[in-house]
Amino acid sequence: MSTVVIRGARPYGEDAVDIEVTDGVITGIGSDLEVGTDVEVVDATGLVALPGFVDLHTHLREPGREDTETIETGSRAAALGGYTAVFAMANTDPVADNAVVVEHVWRRGQEIGLVDVHPVGAVTVGLEGEKLAELGTMARSAARVRLFSDDGLCVADPLIMRRALEYTKALDAVIAQHAEEPRLTVGAQAHEGDLAARLGLAGWPAVAEEAIVARDCLLAKHVGARLHVCHVSTEGTADVLRWAKARGTRVSAEVTPHHLLLDDERLSTYDPVNKVNPPLRTAPDAKALRQALADGTVDCVATDHAPHASQDKDCEWSAARPGMLGLQTALSIVVATMVEPGLLDWRGVARVMSERPAEIAGLPDQGRPIAVGEPATITLVDPAARWTVRGAELASIAANTPYEGMELPGAVVATYLRGRLTARDGKATA
Ligand SMILES: NC(=O)N[C@@H](CC(=O)O)C(=O)O
Ligand SMILES: [Zn+2]
Ligand SMILES: [Zn+2]
């Protein structure tokens, strides 16, 4: 039996307590707990204790682009960012559209042991949008896939989407849609608006996202299936979600840290570090997304952590790949955009970064209350810390962070997965 006492932590930012952890489970919570001589005591004075974060949207690039990220380096970035579970998107090479690939990702994640790596299965074979992948085989595999997505690409054909919703309903799974009507984004490089016009970049109109979200909400309601909307980026999408939820659609949605903080003004330098899908939108969109996250219209934060090699980013705008790192900066961006302005308290942070994503993905042992008898899957946050982002110092192999040189508030100090320390003071334990 191994026992640790986390001393003086503030669960959800509330009163300081001691948290006793024995064999991976919380066995005591109270002030000044008795501590035996063989017990390790961790000083957590002033730190906020939250349930470990769950990321529904991560790109780990293994298999296929291990020069930019691997399950191992991505697991380190996740643990350092306070995550205890991540969902690895299917747009790898080969695509995770079959049991062999998803089982590899799941097993490799467990071998490393820093974070539960849940593979997302592709909806269509090869992400080609034409033929449904074997969803049932992936669901029944050792990886027990419950989240399916062609992310990077939209399941654009409405009949394929309808069939996919029917299958996932039967499997008690959920489709995560990258909402982008491809006919409206041919050649698109930036949010369609004044700035793109001035910069001479072909536009990616908000309606390309909103039209698919509206269509899919209607389809999900018709089928009685669940739908999850990836990286919501416009005010209009938040309006559609509000309408769909009010009429009983089983829809959930995520927003990325970068769409909460950044806007298309950043594109004026033509630095491709700001290129991402969906594109950075306007400042009023970002403001509306913060409001939608605060009021629950958007359920959770997901990083869309998207590592890219320097040769795919340090090049001309049109040739650069879209995507940004996100795992190690997410908590700080949520503090800057939601906690500091008073839009969310720490209970709210637990909701959007842990509890809701765990519920959406159906993870029984993540996003749990910090209470006796619950798994000791806990993230300790220093709310007073400030730190400066340096891409080269992040655990990812790639360094494409849009926050380079920015000083951010709030820092993850330690992460525990079922009682096991996975990161502490900026170092992953494996
Ligand atoms: N977000 C991005 O800009 N890129 C993602 C794909 C995606 O999330 O659509 C990627 O895989 O690089
Ligand atoms: Zn996407
Ligand atoms: Zn993505």
# chains A, B, ... in the order shown; residues from 1 in each chain; ligands from 1
$ residues_near_ligand --ligand "ligand 2" --cutoff "8 Å" --atoms "only C-alpha atoms and all ligand atoms" --output "number ranges by chain"
A: 151-154, 177-179, 230-231, 277-278, 304
$ write_last_selection --atoms "C-alpha atoms" --output "PDB file, in the first residue's frame"
ATOM      1  CA  ASP A 151     -11.195  15.715 -38.435  1.00  0.00           C
ATOM      2  CA  GLY A 152      -9.018  17.670 -40.788  1.00  0.00           C
ATOM      3  CA  LEU A 153     -11.830  17.007 -43.249  1.00  0.00           C
ATOM      4  CA  CYS A 154     -15.591  17.335 -43.020  1.00  0.00           C
ATOM      5  CA  GLN A 177     -17.621  16.781 -36.915  1.00  0.00           C
ATOM      6  CA  HIS A 178     -15.038  19.144 -38.447  1.00  0.00           C
ATOM      7  CA  ALA A 179     -17.729  21.500 -39.765  1.00  0.00           C
ATOM      8  CA  CYS A 230     -15.238  20.340 -33.212  1.00  0.00           C
ATOM      9  CA  HIS A 231     -13.511  23.709 -32.814  1.00  0.00           C
ATOM     10  CA  ASN A 277      -8.408  25.463 -39.436  1.00  0.00           C
ATOM     11  CA  PRO A 278     -10.972  26.845 -38.895  1.00  0.00           C
ATOM     12  CA  ASP A 304      -6.837  20.867 -31.334  1.00  0.00           C
TER      13      ASP A 304
END
$ residues_around --residues "Gly348 of chain A" --least-positions-apart "4" --cutoff "12 Å" --atoms "only C-alpha atoms" --output "list in words"
Tyr12, Gly13, Leu50, Pro51, Leu293, Ala294, Asp295, Gly296, Asp299, Cys300, Val301, Val334, Val335, Met338, Val339, Gly342, Leu343, Leu344, Val352, Met353, Ser354, Glu355 and Arg356 of chain A
$ residues_around --residues "Ala139 of chain A" --least-positions-apart "5" --cutoff "12 Å" --atoms "only C-alpha atoms" --output "list in words"
Asp97, Asn98, Ala99, Val102, Glu103, His118, Pro119, Val120, Gly121, Ala122, Val123, Ala133, Glu134, Arg144, Val145, Arg146, Leu147, Phe148, Tyr167, Thr168, Ala170, Leu171, Asp172, Ala173 and Val174 of chain A
$ write_last_selection --atoms "N, CA and C atoms" --output "CSV table (one decimal), in the first residue's frame"
chain,number,residue,atom,x,y,z
A,97,ASP,N,-8.5,4.1,-39.3
A,97,ASP,CA,-9.8,3.8,-39.7
A,97,ASP,C,-10.1,2.3,-39.6
A,98,ASN,N,-9.2,1.6,-38.7
A,98,ASN,CA,-9.4,0.2,-38.5
A,98,ASN,C,-8.8,-0.2,-37.2
A,99,ALA,N,-9.1,-1.4,-36.7
A,99,ALA,CA,-8.8,-1.9,-35.4
A,99,ALA,C,-7.3,-1.9,-35.1
A,102,VAL,N,-6.0,1.7,-34.3
A,102,VAL,CA,-6.5,2.2,-33.0
A,102,VAL,C,-6.0,1.4,-31.8
A,103,GLU,N,-5.8,0.1,-32.0
A,103,GLU,CA,-5.2,-0.7,-30.9
A,103,GLU,C,-3.8,-0.3,-30.7
A,118,HIS,N,-6.8,7.9,-25.8
A,118,HIS,CA,-8.0,7.2,-26.5
A,118,HIS,C,-7.9,7.6,-28.0
A,119,PRO,N,-7.8,6.5,-28.8
A,119,PRO,CA,-7.8,6.8,-30.2
A,119,PRO,C,-9.2,7.2,-30.7
A,120,VAL,N,-9.3,8.2,-31.6
A,120,VAL,CA,-10.5,8.5,-32.3
A,120,VAL,C,-10.5,7.7,-33.5
A,121,GLY,N,-11.6,7.1,-33.9
A,121,GLY,CA,-11.7,6.3,-35.1
A,121,GLY,C,-12.2,7.2,-36.3
A,122,ALA,N,-11.7,6.9,-37.5
A,122,ALA,CA,-12.2,7.7,-38.6
A,122,ALA,C,-13.6,7.3,-38.9
A,123,VAL,N,-14.4,8.2,-39.5
A,123,VAL,CA,-15.8,7.9,-39.8
A,123,VAL,C,-15.8,7.2,-41.2
A,133,ALA,N,-16.2,3.7,-42.5
A,133,ALA,CA,-15.1,2.8,-41.9
A,133,ALA,C,-15.9,1.8,-41.1
A,134,GLU,N,-15.1,0.8,-40.6
A,134,GLU,CA,-15.7,-0.3,-39.8
A,134,GLU,C,-15.9,0.2,-38.3
A,144,ARG,N,-11.6,0.1,-27.7
A,144,ARG,CA,-13.0,0.5,-27.3
A,144,ARG,C,-13.4,1.9,-27.8
A,145,VAL,N,-13.2,2.2,-29.1
A,145,VAL,CA,-13.4,3.5,-29.6
A,145,VAL,C,-14.9,3.9,-29.5
A,146,ARG,N,-15.1,5.2,-28.9
A,146,ARG,CA,-16.4,5.7,-28.8
A,146,ARG,C,-16.6,7.1,-29.4
A,147,LEU,N,-15.5,7.6,-29.9
A,147,LEU,CA,-15.5,8.9,-30.6
A,147,LEU,C,-15.0,8.7,-32.0
A,148,PHE,N,-15.7,9.1,-33.0
A,148,PHE,CA,-15.3,8.9,-34.4
A,148,PHE,C,-15.3,10.3,-35.1
A,167,TYR,N,-25.3,4.6,-37.2
A,167,TYR,CA,-24.4,3.5,-36.7
A,167,TYR,C,-23.9,3.9,-35.3
A,168,THR,N,-23.5,5.2,-35.1
A,168,THR,CA,-23.0,5.6,-33.8
A,168,THR,C,-24.0,5.6,-32.7
A,170,ALA,N,-26.4,3.4,-32.5
A,170,ALA,CA,-26.5,2.0,-32.1
A,170,ALA,C,-25.3,1.5,-31.3
A,171,LEU,N,-24.2,2.2,-31.5
A,171,LEU,CA,-22.9,1.8,-30.8
A,171,LEU,C,-22.8,2.6,-29.5
A,172,ASP,N,-23.7,3.5,-29.2
A,172,ASP,CA,-23.6,4.5,-28.1
A,172,ASP,C,-22.3,5.3,-28.2
A,173,ALA,N,-22.0,5.7,-29.4
A,173,ALA,CA,-20.8,6.4,-29.7
A,173,ALA,C,-21.2,7.8,-30.2
A,174,VAL,N,-20.2,8.7,-30.5
A,174,VAL,CA,-20.5,10.0,-30.9
A,174,VAL,C,-19.6,10.4,-32.1
$ residues_around --residues "Ala320 of chain A" --least-positions-apart "2" --cutoff "12 Å" --atoms "only C-alpha atoms" --output "tab-separated table (two decimals) with N, CA and C atoms, in the first residue's frame"
chain	number	residue	atom	x	y	z
A	189	GLN	N	-7.87	30.58	-47.24
A	189	GLN	CA	-6.63	30.79	-46.50
A	189	GLN	C	-6.82	31.55	-45.19
A	270	TYR	N	1.41	38.04	-41.86
A	270	TYR	CA	1.56	36.88	-42.75
A	270	TYR	C	2.42	35.78	-42.12
A	271	ASP	N	2.51	35.75	-40.79
A	271	ASP	CA	3.28	34.67	-40.15
A	271	ASP	C	2.40	33.42	-40.08
A	272	PRO	N	2.80	32.34	-40.77
A	272	PRO	CA	1.95	31.15	-40.82
A	272	PRO	C	1.74	30.46	-39.48
A	273	VAL	N	2.42	30.90	-38.43
A	273	VAL	CA	2.15	30.31	-37.12
A	273	VAL	C	0.68	30.57	-36.75
A	274	ASN	N	0.09	31.60	-37.37
A	274	ASN	CA	-1.32	31.95	-37.11
A	274	ASN	C	-2.30	31.26	-38.04
A	275	LYS	N	-1.78	30.42	-38.92
A	275	LYS	CA	-2.66	29.71	-39.85
A	275	LYS	C	-3.23	28.46	-39.17
A	276	VAL	N	-4.54	28.35	-39.18
A	276	VAL	CA	-5.19	27.25	-38.49
A	276	VAL	C	-6.56	27.03	-39.13
A	277	ASN	N	-7.08	25.82	-38.96
A	277	ASN	CA	-8.41	25.46	-39.44
A	277	ASN	C	-9.32	25.15	-38.27
A	308	HIS	N	3.29	20.76	-36.23
A	308	HIS	CA	3.76	20.73	-37.62
A	308	HIS	C	5.25	20.99	-37.66
A	309	ALA	N	5.93	20.34	-38.63
A	309	ALA	CA	7.37	20.51	-38.79
A	309	ALA	C	7.67	21.94	-39.23
A	310	SER	N	8.87	22.42	-38.91
A	310	SER	CA	9.20	23.81	-39.24
A	310	SER	C	9.14	24.05	-40.74
A	311	GLN	N	9.52	23.03	-41.54
A	311	GLN	CA	9.47	23.28	-43.00
A	311	GLN	C	8.04	23.43	-43.50
A	312	ASP	N	7.07	22.93	-42.73
A	312	ASP	CA	5.66	23.07	-43.13
A	312	ASP	C	5.02	24.33	-42.55
A	313	LYS	N	5.77	25.05	-41.70
A	313	LYS	CA	5.23	26.27	-41.09
A	313	LYS	C	6.05	27.51	-41.46
A	314	ASP	N	7.37	27.37	-41.50
A	314	ASP	CA	8.22	28.53	-41.83
A	314	ASP	C	8.37	28.62	-43.34
A	315	CYS	N	7.27	28.95	-44.00
A	315	CYS	CA	7.27	29.03	-45.46
A	315	CYS	C	6.20	30.05	-45.83
A	316	GLU	N	5.98	30.23	-47.12
A	316	GLU	CA	4.97	31.24	-47.49
A	316	GLU	C	3.60	30.82	-46.99
A	317	TRP	N	2.74	31.82	-46.74
A	317	TRP	CA	1.44	31.58	-46.10
A	317	TRP	C	0.65	30.47	-46.80
A	318	SER	N	0.53	30.56	-48.12
A	318	SER	CA	-0.37	29.63	-48.82
A	318	SER	C	0.14	28.20	-48.78
A	322	PRO	N	-2.08	24.20	-41.77
A	322	PRO	CA	-2.82	24.83	-40.68
A	322	PRO	C	-2.68	24.02	-39.39
A	323	GLY	N	-2.59	24.73	-38.25
A	323	GLY	CA	-2.55	24.04	-36.96
A	323	GLY	C	-1.57	24.69	-36.01
A	324	MET	N	-1.85	24.52	-34.71
A	324	MET	CA	-1.06	25.14	-33.64
A	324	MET	C	-0.91	24.16	-32.48
A	400	ASN	N	5.43	24.91	-33.06
A	400	ASN	CA	4.55	25.92	-33.67
A	400	ASN	C	3.49	26.46	-32.71
$ residues_around --residues "Val39 of chain A" --least-positions-apart "3" --cutoff "6 Å" --atoms "only C-alpha atoms" --output "PyMOL selection string"
chain A and resi 3-4+36
$ residues_around --residues "Asp55 of chain A" --least-positions-apart "2" --cutoff "7 Å" --atoms "only C-alpha atoms" --output "PDB file with N, CA and C atoms, in the first residue's frame"
ATOM      1  N   PHE A  53      -7.465  17.108 -16.514  1.00  0.00           N
ATOM      2  CA  PHE A  53      -8.130  17.615 -17.718  1.00  0.00           C
ATOM      3  C   PHE A  53      -8.275  16.507 -18.768  1.00  0.00           C
ATOM      4  N   HIS A  57      -9.661  16.549 -28.338  1.00  0.00           N
ATOM      5  CA  HIS A  57      -9.171  16.849 -29.696  1.00  0.00           C
ATOM      6  C   HIS A  57      -7.668  17.127 -29.694  1.00  0.00           C
ATOM      7  N   THR A  58      -6.896  16.070 -29.943  1.00  0.00           N
ATOM      8  CA  THR A  58      -5.432  16.175 -29.966  1.00  0.00           C
ATOM      9  C   THR A  58      -4.918  15.473 -31.219  1.00  0.00           C
ATOM     10  N   ALA A  85      -6.317  12.548 -19.748  1.00  0.00           N
ATOM     11  CA  ALA A  85      -6.852  11.763 -20.879  1.00  0.00           C
ATOM     12  C   ALA A  85      -6.870  12.655 -22.110  1.00  0.00           C
ATOM     13  N   VAL A  86      -6.469  12.082 -23.236  1.00  0.00           N
ATOM     14  CA  VAL A  86      -6.550  12.819 -24.502  1.00  0.00           C
ATOM     15  C   VAL A  86      -7.131  11.903 -25.573  1.00  0.00           C
ATOM     16  N   PHE A  87      -7.801  12.502 -26.533  1.00  0.00           N
ATOM     17  CA  PHE A  87      -8.343  11.774 -27.682  1.00  0.00           C
ATOM     18  C   PHE A  87      -7.492  12.106 -28.894  1.00  0.00           C
ATOM     19  N   ALA A 302     -11.294  22.240 -26.028  1.00  0.00           N
ATOM     20  CA  ALA A 302     -10.459  21.172 -26.578  1.00  0.00           C
ATOM     21  C   ALA A 302      -9.303  21.848 -27.309  1.00  0.00           C
ATOM     22  N   THR A 303      -8.106  21.258 -27.235  1.00  0.00           N
ATOM     23  CA  THR A 303      -6.932  22.018 -27.691  1.00  0.00           C
ATOM     24  C   THR A 303      -6.795  22.073 -29.213  1.00  0.00           C
ATOM     25  N   PRO A 357     -15.989  17.230 -20.941  1.00  0.00           N
ATOM     26  CA  PRO A 357     -15.379  16.347 -21.953  1.00  0.00           C
ATOM     27  C   PRO A 357     -15.413  14.877 -21.547  1.00  0.00           C
TER      28      PRO A 357
END
$ select_by_dssp --residues "segment 302-421 of chain A" --states "alpha helix (DSSP H)" --output "list in words"
Ser310, Gln311, Asp312, Lys313, Ala330, Leu331, Ser332, Ile333, Val334, Trp346, Arg347, Gly348, Val349, Ala350, Arg356, Pro357, Ala358, Glu359, Ile360 and Ala361 of chain A
$ residues_around --residues "Pro279 of chain A" --least-positions-apart "3" --cutoff "10 Å" --atoms "only C-alpha atoms" --output "ChimeraX atom specification"
/A:188-192,203-206,233-234,258-259,263-264,267,274-276,282,322-323
$ write_last_selection --atoms "C-alpha atoms" --output "compact mmCIF listing (two decimals), in the first residue's frame"
# COMPACT_ATOMS: atom_id res chain seq x y z
CA ALA A 188 -9.49 29.32 -48.52
CA GLN A 189 -6.63 30.79 -46.50
CA ALA A 190 -8.17 33.09 -43.88
CA HIS A 191 -11.46 34.18 -42.33
CA GLU A 192 -13.53 35.80 -45.10
CA GLY A 203 -11.70 33.74 -47.66
CA TRP A 204 -13.08 30.91 -45.47
CA PRO A 205 -16.54 32.26 -44.73
CA ALA A 206 -18.24 31.75 -41.37
CA SER A 233 -15.13 29.36 -34.31
CA THR A 234 -17.98 31.78 -35.08
CA HIS A 258 -6.77 29.97 -29.69
CA HIS A 259 -10.28 30.83 -30.87
CA ASP A 263 -8.38 36.96 -33.79
CA ASP A 264 -7.64 37.56 -37.44
CA LEU A 267 -2.73 37.66 -39.84
CA ASN A 274 -1.32 31.95 -37.11
CA LYS A 275 -2.66 29.71 -39.85
CA VAL A 276 -5.19 27.25 -38.49
CA THR A 282 -12.91 38.38 -35.73
CA PRO A 322 -2.82 24.83 -40.68
CA GLY A 323 -2.55 24.04 -36.96
$ closest_residue --among "A:Asp345, A:Asp93, A:Glu209, A:Glu393" --to "Glu66 of chain A" --atoms "only C-alpha atoms"
A:Asp93
$ select_by_dssp --residues "segment 58-292 of chain A" --states "strand (DSSP E or B)" --output "PyMOL selection string"
chain A and resi 58+83-88+116-119+121+124+132+147-148+174-177+190-191+203-204+227-229+251-255
$ closest_residue --among "A:Ala90, A:Ile360, A:Ala164, A:Ile212" --to "ligand 1" --atoms "only C-alpha atoms and all ligand atoms"
A:Ala90
$ atom_distance --atom1 "atom CA of Arg424 of chain A" --atom2 "atom CA of Gln328 of chain A"
13.1 Å
$ decode --residues "segment 8-37 of chain A" --atoms "N, CA and C atoms" --output "JSON list (two decimals), in the first residue's frame"
[["chain", "number", "residue", "atom", "x", "y", "z"],
["A", 8, "GLY", "N", -2.76, 21.05, 1.97],
["A", 8, "GLY", "CA", -3.09, 22.47, 1.82],
["A", 8, "GLY", "C", -3.58, 22.88, 0.45],
["A", 9, "ALA", "N", -4.07, 21.91, -0.37],
["A", 9, "ALA", "CA", -4.59, 22.27, -1.70],
["A", 9, "ALA", "C", -6.01, 22.80, -1.57],
["A", 10, "ARG", "N", -6.43, 23.59, -2.55],
["A", 10, "ARG", "CA", -7.78, 24.16, -2.55],
["A", 10, "ARG", "C", -8.61, 23.54, -3.67],
["A", 11, "PRO", "N", -9.41, 22.49, -3.36],
["A", 11, "PRO", "CA", -10.24, 21.88, -4.40],
["A", 11, "PRO", "C", -11.16, 22.93, -5.01],
["A", 12, "TYR", "N", -11.16, 23.05, -6.31],
["A", 12, "TYR", "CA", -12.01, 23.99, -7.05],
["A", 12, "TYR", "C", -11.80, 25.44, -6.57],
["A", 13, "GLY", "N", -10.60, 25.71, -6.02],
["A", 13, "GLY", "CA", -10.32, 27.08, -5.57],
["A", 13, "GLY", "C", -10.97, 27.43, -4.25],
["A", 14, "GLU", "N", -11.57, 26.43, -3.58],
["A", 14, "GLU", "CA", -12.26, 26.70, -2.31],
["A", 14, "GLU", "C", -11.32, 26.49, -1.13],
["A", 15, "ASP", "N", -11.86, 26.18, 0.06],
["A", 15, "ASP", "CA", -11.01, 26.15, 1.26],
["A", 15, "ASP", "C", -9.90, 25.10, 1.17],
["A", 16, "ALA", "N", -8.76, 25.42, 1.77],
["A", 16, "ALA", "CA", -7.62, 24.50, 1.75],
["A", 16, "ALA", "C", -7.91, 23.26, 2.58],
["A", 17, "VAL", "N", -7.51, 22.10, 2.04],
["A", 17, "VAL", "CA", -7.67, 20.82, 2.75],
["A", 17, "VAL", "C", -6.44, 19.96, 2.48],
["A", 18, "ASP", "N", -6.35, 18.87, 3.23],
["A", 18, "ASP", "CA", -5.37, 17.83, 2.90],
["A", 18, "ASP", "C", -6.12, 16.72, 2.15],
["A", 19, "ILE", "N", -5.46, 16.18, 1.13],
["A", 19, "ILE", "CA", -6.07, 15.10, 0.35],
["A", 19, "ILE", "C", -5.19, 13.86, 0.50],
["A", 20, "GLU", "N", -5.75, 12.81, 1.08],
["A", 20, "GLU", "CA", -4.98, 11.57, 1.25],
["A", 20, "GLU", "C", -5.30, 10.63, 0.10],
["A", 21, "VAL", "N", -4.23, 10.11, -0.50],
["A", 21, "VAL", "CA", -4.37, 9.22, -1.66],
["A", 21, "VAL", "C", -3.71, 7.88, -1.32],
["A", 22, "THR", "N", -4.47, 6.80, -1.42],
["A", 22, "THR", "CA", -3.92, 5.47, -1.17],
["A", 22, "THR", "C", -4.22, 4.58, -2.37],
["A", 23, "ASP", "N", -3.15, 4.02, -2.92],
["A", 23, "ASP", "CA", -3.29, 3.12, -4.07],
["A", 23, "ASP", "C", -4.20, 3.69, -5.16],
["A", 24, "GLY", "N", -3.97, 4.95, -5.48],
["A", 24, "GLY", "CA", -4.66, 5.54, -6.63],
["A", 24, "GLY", "C", -6.05, 6.10, -6.35],
["A", 25, "VAL", "N", -6.50, 5.96, -5.10],
["A", 25, "VAL", "CA", -7.86, 6.41, -4.78],
["A", 25, "VAL", "C", -7.79, 7.45, -3.66],
["A", 26, "ILE", "N", -8.70, 8.43, -3.69],
["A", 26, "ILE", "CA", -8.77, 9.42, -2.62],
["A", 26, "ILE", "C", -9.40, 8.73, -1.40],
["A", 27, "THR", "N", -8.61, 8.66, -0.31],
["A", 27, "THR", "CA", -9.09, 7.93, 0.88],
["A", 27, "THR", "C", -9.40, 8.85, 2.05],
["A", 28, "GLY", "N", -9.05, 10.13, 1.92],
["A", 28, "GLY", "CA", -9.39, 11.04, 3.01],
["A", 28, "GLY", "C", -9.28, 12.47, 2.54],
["A", 29, "ILE", "N", -10.19, 13.33, 3.02],
["A", 29, "ILE", "CA", -10.10, 14.76, 2.75],
["A", 29, "ILE", "C", -10.45, 15.46, 4.05],
["A", 30, "GLY", "N", -9.61, 16.40, 4.49],
["A", 30, "GLY", "CA", -9.92, 17.11, 5.72],
["A", 30, "GLY", "C", -8.83, 18.09, 6.05],
["A", 31, "SER", "N", -9.03, 18.86, 7.10],
["A", 31, "SER", "CA", -7.97, 19.78, 7.49],
["A", 31, "SER", "C", -7.06, 19.08, 8.49],
["A", 32, "ASP", "N", -5.77, 19.25, 8.30],
["A", 32, "ASP", "CA", -4.75, 18.65, 9.16],
["A", 32, "ASP", "C", -4.97, 17.15, 9.38],
["A", 33, "LEU", "N", -5.01, 16.40, 8.28],
["A", 33, "LEU", "CA", -5.11, 14.94, 8.38],
["A", 33, "LEU", "C", -3.91, 14.38, 9.12],
["A", 34, "GLU", "N", -4.15, 13.36, 9.95],
["A", 34, "GLU", "CA", -3.06, 12.63, 10.61],
["A", 34, "GLU", "C", -2.20, 11.97, 9.54],
["A", 35, "VAL", "N", -0.90, 12.11, 9.67],
["A", 35, "VAL", "CA", -0.02, 11.52, 8.66],
["A", 35, "VAL", "C", 0.96, 10.57, 9.34],
["A", 36, "GLY", "N", 0.92, 9.31, 8.92],
["A", 36, "GLY", "CA", 1.85, 8.32, 9.46],
["A", 36, "GLY", "C", 3.27, 8.61, 9.01],
["A", 37, "THR", "N", 4.26, 7.96, 9.61],
["A", 37, "THR", "CA", 5.67, 8.26, 9.32],
["A", 37, "THR", "C", 6.09, 7.81, 7.93]]
